[in-house]
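One structure below.
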2 protein chains.
Amino acid sequence: MSKSLPLTPVQTVACCSPLVASALTEETAERIAPLLKAIADPVRLRLLSLVAAHDGGEACVCDLNDAFDLSQPTISHHLKVLHEAGLLDRSKRGVWVYYRVHQEALTDLAALIGGGR
Amino acid sequence: MSKSLPLTPVQTVACCSPLVASALTEETAERIAPLLKAIADPVRLRLLSLVAAHDGGEACVCDLNDAFDLSQPTISHHLKVLHEAGLLDRSKRGVWVYYRVHQEALTDLAALIGGGR
DNA sequence: GGTAGATATTGATGTTTGTCGATGTCTAGG
DNA sequence: CCTAGACATCGACAAACATCAATATCTACC
């Protein structure tokens with residue numbers, strides 16, 4: 001992997017010091033915000049939580065669809081947002097698609113927010 | 001304090017188990033999301049960070065305005081969002097208004113997100 | 001290879017959000 | 001009181017977003 005300079009949101013979160021420790025640069029803030037936006041939605045929060053709490057730490061889309069009163073495309077959309085943010089990993093097995101929480105990204109994000117102690 | 005049943009976002013975050021430990025209820029997710037929405041914006045992230053990193057842990061609005069290429073009403077709006085979410089405390093002294101990070105809320109929020117370890 | 005089921009993509013629509021200029025409300029001094 | 005400065009509120013607008021119905025793309029199986 002390893003592109004050139006521009007870090008992904010997840011990479012940025014992993015390497016920068018806590019929010020409250022020193023002032024964020026504009027650039028850093030702009031890279032982190034998308035990650036937070038991704039989880040700043042009740043449906044996506046529940047999706048993340050459902051996936052994480054599921055057996056084996058992963059869940060099939062078909063399981064997730066049933067947990068909501070929303071259309072299948074809407075759930076698919078939210079999963080895509082979480083996946084593209086780097087918070088959910090995808091793996092296709094047969095006809096089914098399984099999602100799994102990218103725990104490290106969540107942990108790093110938490111450290112960034114609460115890092116002050 | 002202590003209203004009746006309905007918890008504020010900050011109270012909800014303080015008392016519920018981590019995202020990845022057990023599936024969030026719809027109600028809990030709806031109460032937490034506003035908190036995350038509040039910090040899911042690059043300007044508000046920097047505001048939070050600037051306030052926290054400032055001398056004495058608090059900053060005057062006048063200082064904050066100068067740190068951005070945005071109009072004064074816009075900064076005032078973002079501060080209001082952070083304040084209403086319970087992430088910034090306000091105190092007026094003379095003509096000036098000072099904001100201070102509500103550290104506990106941030107810490108609890110971090111625990112909620114990264115709680116899995 | 002045709003069909004059924006699982007998931008993704010597309011296009012449209014209503015709502016939310018970030019931003020600004022204009023204006024309002026305080027407070028301290030003159 | 002009247003003015004100047006600090007901050008908040010209001011109204012308007014454009015961009016971003018959540019949602020859906022319709023449709024497309026896979027994959028397994030018959």
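Ordering of the structure tokens sets the chain letters (A, B, ...), residue numbers begin anew at 1 in every chain, and ligands are numbered from 1 in the order given.
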Inset, instruction - Restrict the distance test to only C-alpha atoms, flag each residue of chain B within 9 Å of chain A, and return the flagged residues as a ChimeraX atom specification. - result: /B:18-54,101,103-117
Saved selection, atoms kept: N, CA and C atoms, as a short mmCIF file (atom, residue, chain, number, x, y, z; two decimals), in the first residue's frame:
```cif
data_model
loop_
_atom_site.label_atom_id
_atom_site.label_comp_id
_atom_site.auth_asym_id
_atom_site.auth_seq_id
_atom_site.Cartn_x
_atom_site.Cartn_y
_atom_site.Cartn_z
N PRO B 18 -19.93 0.26 26.40
CA PRO B 18 -19.27 0.58 25.13
C PRO B 18 -20.04 0.09 23.91
N LEU B 19 -19.91 0.87 22.87
CA LEU B 19 -20.46 0.58 21.55
C LEU B 19 -20.35 -0.89 21.16
N VAL B 20 -19.15 -1.40 21.31
CA VAL B 20 -18.86 -2.72 20.77
C VAL B 20 -19.14 -3.84 21.76
N ALA B 21 -19.55 -3.49 22.97
CA ALA B 21 -19.76 -4.54 23.97
C ALA B 21 -21.13 -5.20 23.82
N SER B 22 -22.14 -4.39 23.61
CA SER B 22 -23.47 -4.94 23.39
C SER B 22 -24.25 -4.00 22.50
N ALA B 23 -25.22 -4.55 21.81
CA ALA B 23 -25.94 -3.78 20.80
C ALA B 23 -26.69 -2.60 21.43
N LEU B 24 -26.48 -1.45 20.86
CA LEU B 24 -27.17 -0.24 21.30
C LEU B 24 -28.66 -0.33 20.97
N THR B 25 -29.49 0.17 21.87
CA THR B 25 -30.90 0.28 21.51
C THR B 25 -31.09 1.49 20.60
N GLU B 26 -32.21 1.49 19.92
CA GLU B 26 -32.49 2.62 19.04
C GLU B 26 -32.52 3.91 19.84
N GLU B 27 -33.14 3.84 20.99
CA GLU B 27 -33.29 5.03 21.82
C GLU B 27 -31.93 5.58 22.27
N THR B 28 -31.07 4.68 22.72
CA THR B 28 -29.74 5.11 23.16
C THR B 28 -28.96 5.72 22.01
N ALA B 29 -29.02 5.07 20.87
CA ALA B 29 -28.30 5.58 19.70
C ALA B 29 -28.78 6.99 19.35
N GLU B 30 -30.06 7.20 19.45
CA GLU B 30 -30.61 8.52 19.10
C GLU B 30 -30.17 9.60 20.08
N ARG B 31 -29.87 9.17 21.29
CA ARG B 31 -29.44 10.17 22.28
C ARG B 31 -27.96 10.46 22.17
N ILE B 32 -27.21 9.48 21.70
CA ILE B 32 -25.76 9.68 21.60
C ILE B 32 -25.37 10.43 20.34
N ALA B 33 -26.08 10.15 19.27
CA ALA B 33 -25.71 10.72 17.97
C ALA B 33 -25.53 12.24 17.99
N PRO B 34 -26.39 12.98 18.65
CA PRO B 34 -26.21 14.44 18.66
C PRO B 34 -24.86 14.88 19.21
N LEU B 35 -24.37 14.14 20.21
CA LEU B 35 -23.06 14.46 20.77
C LEU B 35 -21.98 14.28 19.72
N LEU B 36 -22.07 13.20 18.98
CA LEU B 36 -21.08 12.93 17.95
C LEU B 36 -21.22 13.91 16.79
N LYS B 37 -22.45 14.23 16.46
CA LYS B 37 -22.68 15.23 15.42
C LYS B 37 -22.00 16.54 15.81
N ALA B 38 -22.05 16.85 17.09
CA ALA B 38 -21.47 18.11 17.55
C ALA B 38 -19.97 18.19 17.27
N ILE B 39 -19.29 17.07 17.38
CA ILE B 39 -17.84 17.12 17.15
C ILE B 39 -17.46 16.67 15.74
N ALA B 40 -18.45 16.31 14.94
CA ALA B 40 -18.17 15.80 13.60
C ALA B 40 -18.11 16.93 12.58
N ASP B 41 -17.38 17.94 12.92
CA ASP B 41 -17.23 19.08 12.01
C ASP B 41 -15.85 19.67 12.24
N PRO B 42 -15.12 19.93 11.19
CA PRO B 42 -13.73 20.38 11.34
C PRO B 42 -13.61 21.66 12.15
N VAL B 43 -14.53 22.59 11.94
CA VAL B 43 -14.44 23.84 12.69
C VAL B 43 -14.67 23.60 14.17
N ARG B 44 -15.67 22.78 14.49
CA ARG B 44 -15.96 22.53 15.90
C ARG B 44 -14.87 21.70 16.56
N LEU B 45 -14.27 20.81 15.81
CA LEU B 45 -13.14 20.05 16.35
C LEU B 45 -12.02 20.98 16.74
N ARG B 46 -11.72 21.93 15.87
CA ARG B 46 -10.64 22.86 16.16
C ARG B 46 -11.01 23.78 17.31
N LEU B 47 -12.26 24.18 17.38
CA LEU B 47 -12.71 25.02 18.49
C LEU B 47 -12.49 24.30 19.82
N LEU B 48 -12.94 23.07 19.86
CA LEU B 48 -12.79 22.26 21.06
C LEU B 48 -11.32 22.17 21.44
N SER B 49 -10.52 21.89 20.44
CA SER B 49 -9.10 21.71 20.65
C SER B 49 -8.43 23.02 21.10
N LEU B 50 -8.82 24.11 20.48
CA LEU B 50 -8.26 25.41 20.83
C LEU B 50 -8.60 25.79 22.26
N VAL B 51 -9.85 25.58 22.62
CA VAL B 51 -10.27 25.91 23.98
C VAL B 51 -9.49 25.07 24.98
N ALA B 52 -9.40 23.79 24.72
CA ALA B 52 -8.73 22.88 25.65
C ALA B 52 -7.25 23.21 25.78
N ALA B 53 -6.64 23.57 24.68
CA ALA B 53 -5.20 23.80 24.69
C ALA B 53 -4.84 25.20 25.19
N HIS B 54 -5.84 26.02 25.39
CA HIS B 54 -5.59 27.41 25.80
C HIS B 54 -5.19 27.49 27.27
N VAL B 101 -13.74 23.40 28.17
CA VAL B 101 -14.13 22.05 27.78
C VAL B 101 -14.71 21.29 28.96
N GLN B 103 -14.56 18.29 30.30
CA GLN B 103 -13.69 17.15 30.08
C GLN B 103 -14.36 15.80 30.32
N GLU B 104 -15.19 15.75 31.33
CA GLU B 104 -15.82 14.48 31.68
C GLU B 104 -16.64 13.93 30.52
N ALA B 105 -17.36 14.83 29.86
CA ALA B 105 -18.19 14.39 28.74
C ALA B 105 -17.33 13.79 27.63
N LEU B 106 -16.20 14.44 27.36
CA LEU B 106 -15.29 13.93 26.33
C LEU B 106 -14.74 12.57 26.71
N THR B 107 -14.36 12.45 27.96
CA THR B 107 -13.79 11.19 28.43
C THR B 107 -14.80 10.06 28.33
N ASP B 108 -16.01 10.36 28.75
CA ASP B 108 -17.06 9.34 28.69
C ASP B 108 -17.35 8.95 27.24
N LEU B 109 -17.36 9.95 26.38
CA LEU B 109 -17.62 9.68 24.97
C LEU B 109 -16.54 8.77 24.40
N ALA B 110 -15.31 9.04 24.77
CA ALA B 110 -14.19 8.22 24.30
C ALA B 110 -14.34 6.78 24.80
N ALA B 111 -14.75 6.64 26.05
CA ALA B 111 -14.92 5.30 26.61
C ALA B 111 -16.01 4.55 25.86
N LEU B 112 -17.03 5.26 25.48
CA LEU B 112 -18.13 4.65 24.75
C LEU B 112 -17.66 4.12 23.40
N ILE B 113 -16.85 4.90 22.73
CA ILE B 113 -16.39 4.53 21.39
C ILE B 113 -15.34 3.43 21.42
N GLY B 114 -14.36 3.62 22.28
CA GLY B 114 -13.22 2.71 22.23
C GLY B 114 -13.24 1.66 23.33
N GLY B 115 -14.34 1.63 24.04
CA GLY B 115 -14.44 0.81 25.24
C GLY B 115 -14.00 -0.63 25.13
N GLY B 116 -13.99 -1.16 23.93
CA GLY B 116 -13.64 -2.57 23.75
C GLY B 116 -12.20 -2.88 24.12
N ARG B 117 -11.38 -1.86 24.24
CA ARG B 117 -9.95 -1.90 24.52
C ARG B 117 -9.20 -1.48 23.30
#
```
How would chain B read as an mmCIF file with C-alpha atoms, in the first residue's frame after a least-squares superposition onto chain A over every Cα atom, matched in order?
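What landed in part.cif:
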```
data_model
loop_
_atom_site.group_PDB
_atom_site.id
_atom_site.type_symbol
_atom_site.label_atom_id
_atom_site.label_comp_id
_atom_site.auth_asym_id
_atom_site.auth_seq_id
_atom_site.Cartn_x
_atom_site.Cartn_y
_atom_site.Cartn_z
ATOM 1 C CA MET B 1 0.036 0.019 0.997
ATOM 2 C CA SER B 2 1.498 3.428 1.642
ATOM 3 C CA LYS B 3 0.485 6.119 -0.818
ATOM 4 C CA SER B 4 2.460 9.314 -0.940
ATOM 5 C CA LEU B 5 1.776 12.098 1.525
ATOM 6 C CA PRO B 6 -1.980 12.445 2.044
ATOM 7 C CA LEU B 7 -3.117 10.382 5.006
ATOM 8 C CA THR B 8 -6.475 8.681 5.216
ATOM 9 C CA PRO B 9 -8.758 9.658 8.086
ATOM 10 C CA VAL B 10 -7.938 6.438 9.908
ATOM 11 C CA GLN B 11 -4.201 6.969 9.504
ATOM 12 C CA THR B 12 -4.550 10.526 10.696
ATOM 13 C CA VAL B 13 -6.417 9.473 13.797
ATOM 14 C CA ALA B 14 -3.853 6.811 14.558
ATOM 15 C CA CYS B 15 -0.928 9.140 14.653
ATOM 16 C CA CYS B 16 -2.016 12.486 15.987
ATOM 17 C CA SER B 17 -2.045 13.627 19.556
ATOM 18 C CA PRO B 18 -5.257 14.008 21.548
ATOM 19 C CA LEU B 19 -7.770 16.711 20.785
ATOM 20 C CA VAL B 20 -7.236 18.462 24.051
ATOM 21 C CA ALA B 21 -3.466 18.182 24.221
ATOM 22 C CA SER B 22 -2.568 20.628 21.494
ATOM 23 C CA ALA B 23 -4.467 22.657 18.956
ATOM 24 C CA LEU B 24 -5.460 20.733 15.858
ATOM 25 C CA THR B 25 -4.385 22.149 12.524
ATOM 26 C CA GLU B 26 -7.055 22.921 10.000
ATOM 27 C CA GLU B 27 -5.779 20.143 7.793
ATOM 28 C CA THR B 28 -5.849 17.533 10.537
ATOM 29 C CA ALA B 29 -9.322 18.560 11.609
ATOM 30 C CA GLU B 30 -10.563 18.192 8.048
ATOM 31 C CA ARG B 31 -9.196 14.694 7.859
ATOM 32 C CA ILE B 32 -10.643 13.562 11.153
ATOM 33 C CA ALA B 33 -14.111 15.025 10.773
ATOM 34 C CA PRO B 34 -15.272 12.505 8.143
ATOM 35 C CA LEU B 35 -14.567 9.678 10.568
ATOM 36 C CA LEU B 36 -16.689 11.315 13.217
ATOM 37 C CA LYS B 37 -19.385 12.144 10.709
ATOM 38 C CA ALA B 38 -19.495 8.459 9.877
ATOM 39 C CA ILE B 39 -20.459 7.508 13.413
ATOM 40 C CA ALA B 40 -22.547 10.606 14.113
ATOM 41 C CA ASP B 41 -25.769 8.989 13.021
ATOM 42 C CA PRO B 42 -28.059 6.819 15.123
ATOM 43 C CA VAL B 43 -28.491 4.177 12.449
ATOM 44 C CA ARG B 44 -24.773 3.873 11.820
ATOM 45 C CA LEU B 45 -24.041 3.778 15.527
ATOM 46 C CA ARG B 46 -26.388 0.852 15.903
ATOM 47 C CA LEU B 47 -24.952 -0.858 12.842
ATOM 48 C CA LEU B 48 -21.465 -0.584 14.257
ATOM 49 C CA SER B 49 -22.683 -1.839 17.588
ATOM 50 C CA LEU B 50 -24.657 -4.706 16.085
ATOM 51 C CA VAL B 51 -21.734 -5.876 13.998
ATOM 52 C CA ALA B 52 -19.351 -5.716 16.932
ATOM 53 C CA ALA B 53 -21.697 -7.499 19.293
ATOM 54 C CA HIS B 54 -22.491 -10.237 16.799
ATOM 55 C CA ASP B 55 -21.074 -13.763 17.047
ATOM 56 C CA GLY B 56 -17.520 -13.873 15.832
ATOM 57 C CA GLY B 57 -17.423 -10.108 15.581
ATOM 58 C CA GLU B 58 -18.940 -10.076 12.162
ATOM 59 C CA ALA B 59 -22.418 -9.867 10.731
ATOM 60 C CA CYS B 60 -24.110 -10.539 7.439
ATOM 61 C CA VAL B 61 -26.028 -7.732 5.778
ATOM 62 C CA CYS B 62 -29.118 -9.900 5.837
ATOM 63 C CA ASP B 63 -29.022 -9.946 9.636
ATOM 64 C CA LEU B 64 -28.582 -6.212 9.786
ATOM 65 C CA ASN B 65 -31.427 -5.386 7.447
ATOM 66 C CA ASP B 66 -33.873 -7.134 9.720
ATOM 67 C CA ALA B 67 -32.841 -5.077 12.717
ATOM 68 C CA PHE B 68 -34.175 -1.847 11.233
ATOM 69 C CA ASP B 69 -37.390 -0.429 9.895
ATOM 70 C CA LEU B 70 -35.481 0.933 6.941
ATOM 71 C CA SER B 71 -35.239 -0.093 3.327
ATOM 72 C CA GLN B 72 -32.447 -2.372 2.177
ATOM 73 C CA PRO B 73 -30.825 0.349 0.040
ATOM 74 C CA THR B 74 -30.699 2.640 3.033
ATOM 75 C CA ILE B 75 -28.884 0.086 5.167
ATOM 76 C CA SER B 76 -26.571 -0.633 2.277
ATOM 77 C CA HIS B 77 -25.833 3.076 2.036
ATOM 78 C CA HIS B 78 -24.972 3.387 5.721
ATOM 79 C CA LEU B 79 -22.732 0.340 5.573
ATOM 80 C CA LYS B 80 -20.942 1.887 2.656
ATOM 81 C CA VAL B 81 -20.336 5.080 4.596
ATOM 82 C CA LEU B 82 -18.885 3.134 7.525
ATOM 83 C CA HIS B 83 -16.807 0.995 5.204
ATOM 84 C CA GLU B 84 -15.405 3.937 3.272
ATOM 85 C CA ALA B 85 -14.551 5.685 6.507
ATOM 86 C CA GLY B 86 -12.440 2.655 7.389
ATOM 87 C CA LEU B 87 -14.532 1.598 10.353
ATOM 88 C CA LEU B 88 -15.987 -1.574 8.867
ATOM 89 C CA ASP B 89 -14.176 -4.252 6.897
ATOM 90 C CA ARG B 90 -16.033 -6.099 4.159
ATOM 91 C CA SER B 91 -15.762 -9.650 2.982
ATOM 92 C CA LYS B 92 -17.920 -11.408 0.467
ATOM 93 C CA ARG B 93 -18.585 -15.109 0.898
ATOM 94 C CA GLY B 94 -20.844 -16.646 -1.662
ATOM 95 C CA VAL B 95 -23.962 -14.579 -1.982
ATOM 96 C CA TRP B 96 -23.492 -12.964 1.374
ATOM 97 C CA VAL B 97 -21.484 -9.974 2.470
ATOM 98 C CA TYR B 98 -20.059 -9.851 5.973
ATOM 99 C CA TYR B 99 -18.955 -6.773 7.829
ATOM 100 C CA ARG B 100 -16.525 -6.654 10.714
ATOM 101 C CA VAL B 101 -15.530 -3.742 12.942
ATOM 102 C CA HIS B 102 -12.064 -2.342 12.355
ATOM 103 C CA GLN B 103 -11.350 -2.210 16.059
ATOM 104 C CA GLU B 104 -8.049 -0.398 15.823
ATOM 105 C CA ALA B 105 -9.637 2.579 14.118
ATOM 106 C CA LEU B 106 -12.254 2.841 16.853
ATOM 107 C CA THR B 107 -9.650 2.584 19.565
ATOM 108 C CA ASP B 108 -7.491 5.246 17.999
ATOM 109 C CA LEU B 109 -10.478 7.498 17.542
ATOM 110 C CA ALA B 110 -11.355 7.108 21.207
ATOM 111 C CA ALA B 111 -7.799 7.960 22.209
ATOM 112 C CA LEU B 112 -7.965 11.076 20.099
ATOM 113 C CA ILE B 113 -11.160 12.271 21.754
ATOM 114 C CA GLY B 114 -10.554 11.336 25.344
ATOM 115 C CA GLY B 115 -6.792 11.377 25.309
ATOM 116 C CA GLY B 116 -6.545 13.998 28.019
ATOM 117 C CA ARG B 117 -7.419 11.279 30.566
#
```
With a distance threshold of 10 Å and counting only C-alpha atoms (C1' of nucleotides), extract the residues of chain C near chain A and express them as an mmCIF file with N, CA and C atoms (P, O5', C5', C4', C3', O3' and C1' of nucleotides), in the first residue's frame.
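This is the output file result.cif:
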```cif
data_model
loop_
_atom_site.group_PDB
_atom_site.id
_atom_site.type_symbol
_atom_site.label_atom_id
_atom_site.label_comp_id
_atom_site.auth_asym_id
_atom_site.auth_seq_id
_atom_site.Cartn_x
_atom_site.Cartn_y
_atom_site.Cartn_z
ATOM 1 P P DG C 5 -36.647 -16.517 -4.206
ATOM 2 O "O5'" DG C 5 -35.373 -16.023 -3.389
ATOM 3 C "C5'" DG C 5 -34.362 -16.957 -3.018
ATOM 4 C "C4'" DG C 5 -33.068 -16.223 -2.767
ATOM 5 C "C3'" DG C 5 -33.215 -14.983 -1.879
ATOM 6 O "O3'" DG C 5 -32.172 -15.005 -0.907
ATOM 7 C "C1'" DG C 5 -32.123 -14.406 -3.863
ATOM 8 P P DA C 6 -32.162 -14.012 0.315
ATOM 9 O "O5'" DA C 6 -30.808 -13.202 0.092
ATOM 10 C "C5'" DA C 6 -29.580 -13.919 0.032
ATOM 11 C "C4'" DA C 6 -28.468 -12.939 -0.270
ATOM 12 C "C3'" DA C 6 -28.512 -11.661 0.564
ATOM 13 O "O3'" DA C 6 -27.214 -11.374 1.067
ATOM 14 C "C1'" DA C 6 -28.534 -11.136 -1.757
ATOM 15 P P DT C 7 -26.987 -10.214 2.110
ATOM 16 O "O5'" DT C 7 -26.595 -8.991 1.166
ATOM 17 C "C5'" DT C 7 -25.314 -9.010 0.546
ATOM 18 C "C4'" DT C 7 -25.249 -7.976 -0.549
ATOM 19 C "C3'" DT C 7 -25.254 -6.523 -0.089
ATOM 20 O "O3'" DT C 7 -23.931 -6.019 -0.232
ATOM 21 C "C1'" DT C 7 -26.489 -6.855 -2.102
ATOM 22 P P DA C 8 -23.579 -4.489 -0.023
ATOM 23 O "O5'" DA C 8 -23.744 -3.849 -1.490
ATOM 24 C "C5'" DA C 8 -23.008 -4.401 -2.566
ATOM 25 C "C4'" DA C 8 -23.213 -3.572 -3.829
ATOM 26 C "C3'" DA C 8 -23.035 -2.071 -3.641
ATOM 27 O "O3'" DA C 8 -22.216 -1.607 -4.705
ATOM 28 C "C1'" DA C 8 -25.173 -2.511 -4.592
ATOM 29 P P DT C 9 -21.825 -0.077 -4.822
ATOM 30 O "O5'" DT C 9 -22.855 0.511 -5.886
ATOM 31 C "C5'" DT C 9 -22.963 -0.104 -7.164
ATOM 32 C "C4'" DT C 9 -24.000 0.630 -8.003
ATOM 33 C "C3'" DT C 9 -23.903 2.154 -7.975
ATOM 34 O "O3'" DT C 9 -23.961 2.616 -9.308
ATOM 35 C "C1'" DT C 9 -26.095 1.498 -7.489
#
```
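Residue-level DSSP output for chain B, from the backbone, shows strand (DSSP E) at B:Glu58, B:Ala59, B:Cys60, B:Leu88, B:Asp89, B:Arg90, B:Ser91, B:Lys92, B:Arg93, B:Trp96, B:Val97, B:Tyr98, B:Tyr99, B:Arg100, B:Val101.
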Inset, instruction - With a distance threshold of 9 Å and counting only C-alpha atoms (C1' of nucleotides), extract the residues of chain D near chain A and express them as a VMD selection string. - result: chain D and resid 18 to 20 26 to 28
Could you write out the selected residues, including N, CA and C atoms (P, O5', C5', C4', C3', O3' and C1' of nucleotides), as a tab-separated table (two decimals), in the first residue's frame?
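The resulting result.tsv:
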```
chain	number	residue	atom	x	y	z
D	18	DA	P	-26.39	10.95	6.31
D	18	DA	O5'	-27.88	10.49	6.61
D	18	DA	C5'	-28.83	11.39	7.12
D	18	DA	C4'	-30.22	10.88	6.84
D	18	DA	C3'	-30.38	9.37	6.75
D	18	DA	O3'	-31.61	9.00	7.35
D	18	DA	C1'	-31.02	10.35	4.68
D	19	DT	P	-32.01	7.46	7.52
D	19	DT	O5'	-32.95	7.22	6.26
D	19	DT	C5'	-34.23	7.85	6.19
D	19	DT	C4'	-34.79	7.74	4.80
D	19	DT	C3'	-34.88	6.34	4.23
D	19	DT	O3'	-36.14	5.78	4.57
D	19	DT	C1'	-34.32	8.00	2.58
D	20	DC	P	-36.46	4.21	4.16
D	20	DC	O5'	-37.06	4.36	2.69
D	20	DC	C5'	-38.09	5.33	2.46
D	20	DC	C4'	-38.35	5.44	0.97
D	20	DC	C3'	-38.52	4.08	0.30
D	20	DC	O3'	-39.82	3.99	-0.25
D	20	DC	C1'	-36.94	5.46	-0.89
D	26	DC	P	-20.89	-7.42	-11.76
D	26	DC	O5'	-20.43	-8.28	-10.51
D	26	DC	C5'	-20.68	-9.64	-10.53
D	26	DC	C4'	-21.46	-10.04	-9.28
D	26	DC	C3'	-21.34	-11.52	-9.03
D	26	DC	O3'	-20.36	-11.70	-8.00
D	26	DC	C1'	-23.59	-10.72	-8.73
D	27	DT	P	-19.38	-13.02	-8.07
D	27	DT	O5'	-20.27	-14.19	-7.49
D	27	DT	C5'	-20.91	-14.01	-6.23
D	27	DT	C4'	-21.97	-15.07	-6.06
D	27	DT	C3'	-21.55	-16.44	-6.55
D	27	DT	O3'	-21.49	-17.27	-5.42
D	27	DT	C1'	-23.75	-15.91	-7.26
D	28	DA	P	-20.79	-18.74	-5.45
D	28	DA	O5'	-22.08	-19.69	-5.37
D	28	DA	C5'	-22.99	-19.48	-4.29
D	28	DA	C4'	-24.32	-20.08	-4.63
D	28	DA	C3'	-24.26	-21.57	-4.99
D	28	DA	O3'	-25.17	-22.27	-4.18
D	28	DA	C1'	-25.52	-20.35	-6.60
```
Legend entry - Test item, alpha helix (DSSP H) assignment across region 28-99 of chain A, answer as a ChimeraX atom specification: /A:28-39,42-53,61-66,72-85
Legend entry - Interatomic distance, C1' of DT3 (chain D) to C1' of DG21 (chain C) (Å, one decimal): 22.6 Å
Inset, instruction - Quote the spacing between C1' of DT13 (chain C) and C1' of DG11 (chain D) in Å to one decimal place. - result: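 Separation of C1' of DT13 (chain C) and C1' of DG11 (chain D): 23.9 Å.
Around region 14-17 of chain D, within 9 Å and counting only C-alpha atoms (C1' of nucleotides), the residues found are C:DT15, C:DT16, C:DT17, C:DG18, once anything fewer than 4 positions away on its own chain is removed.
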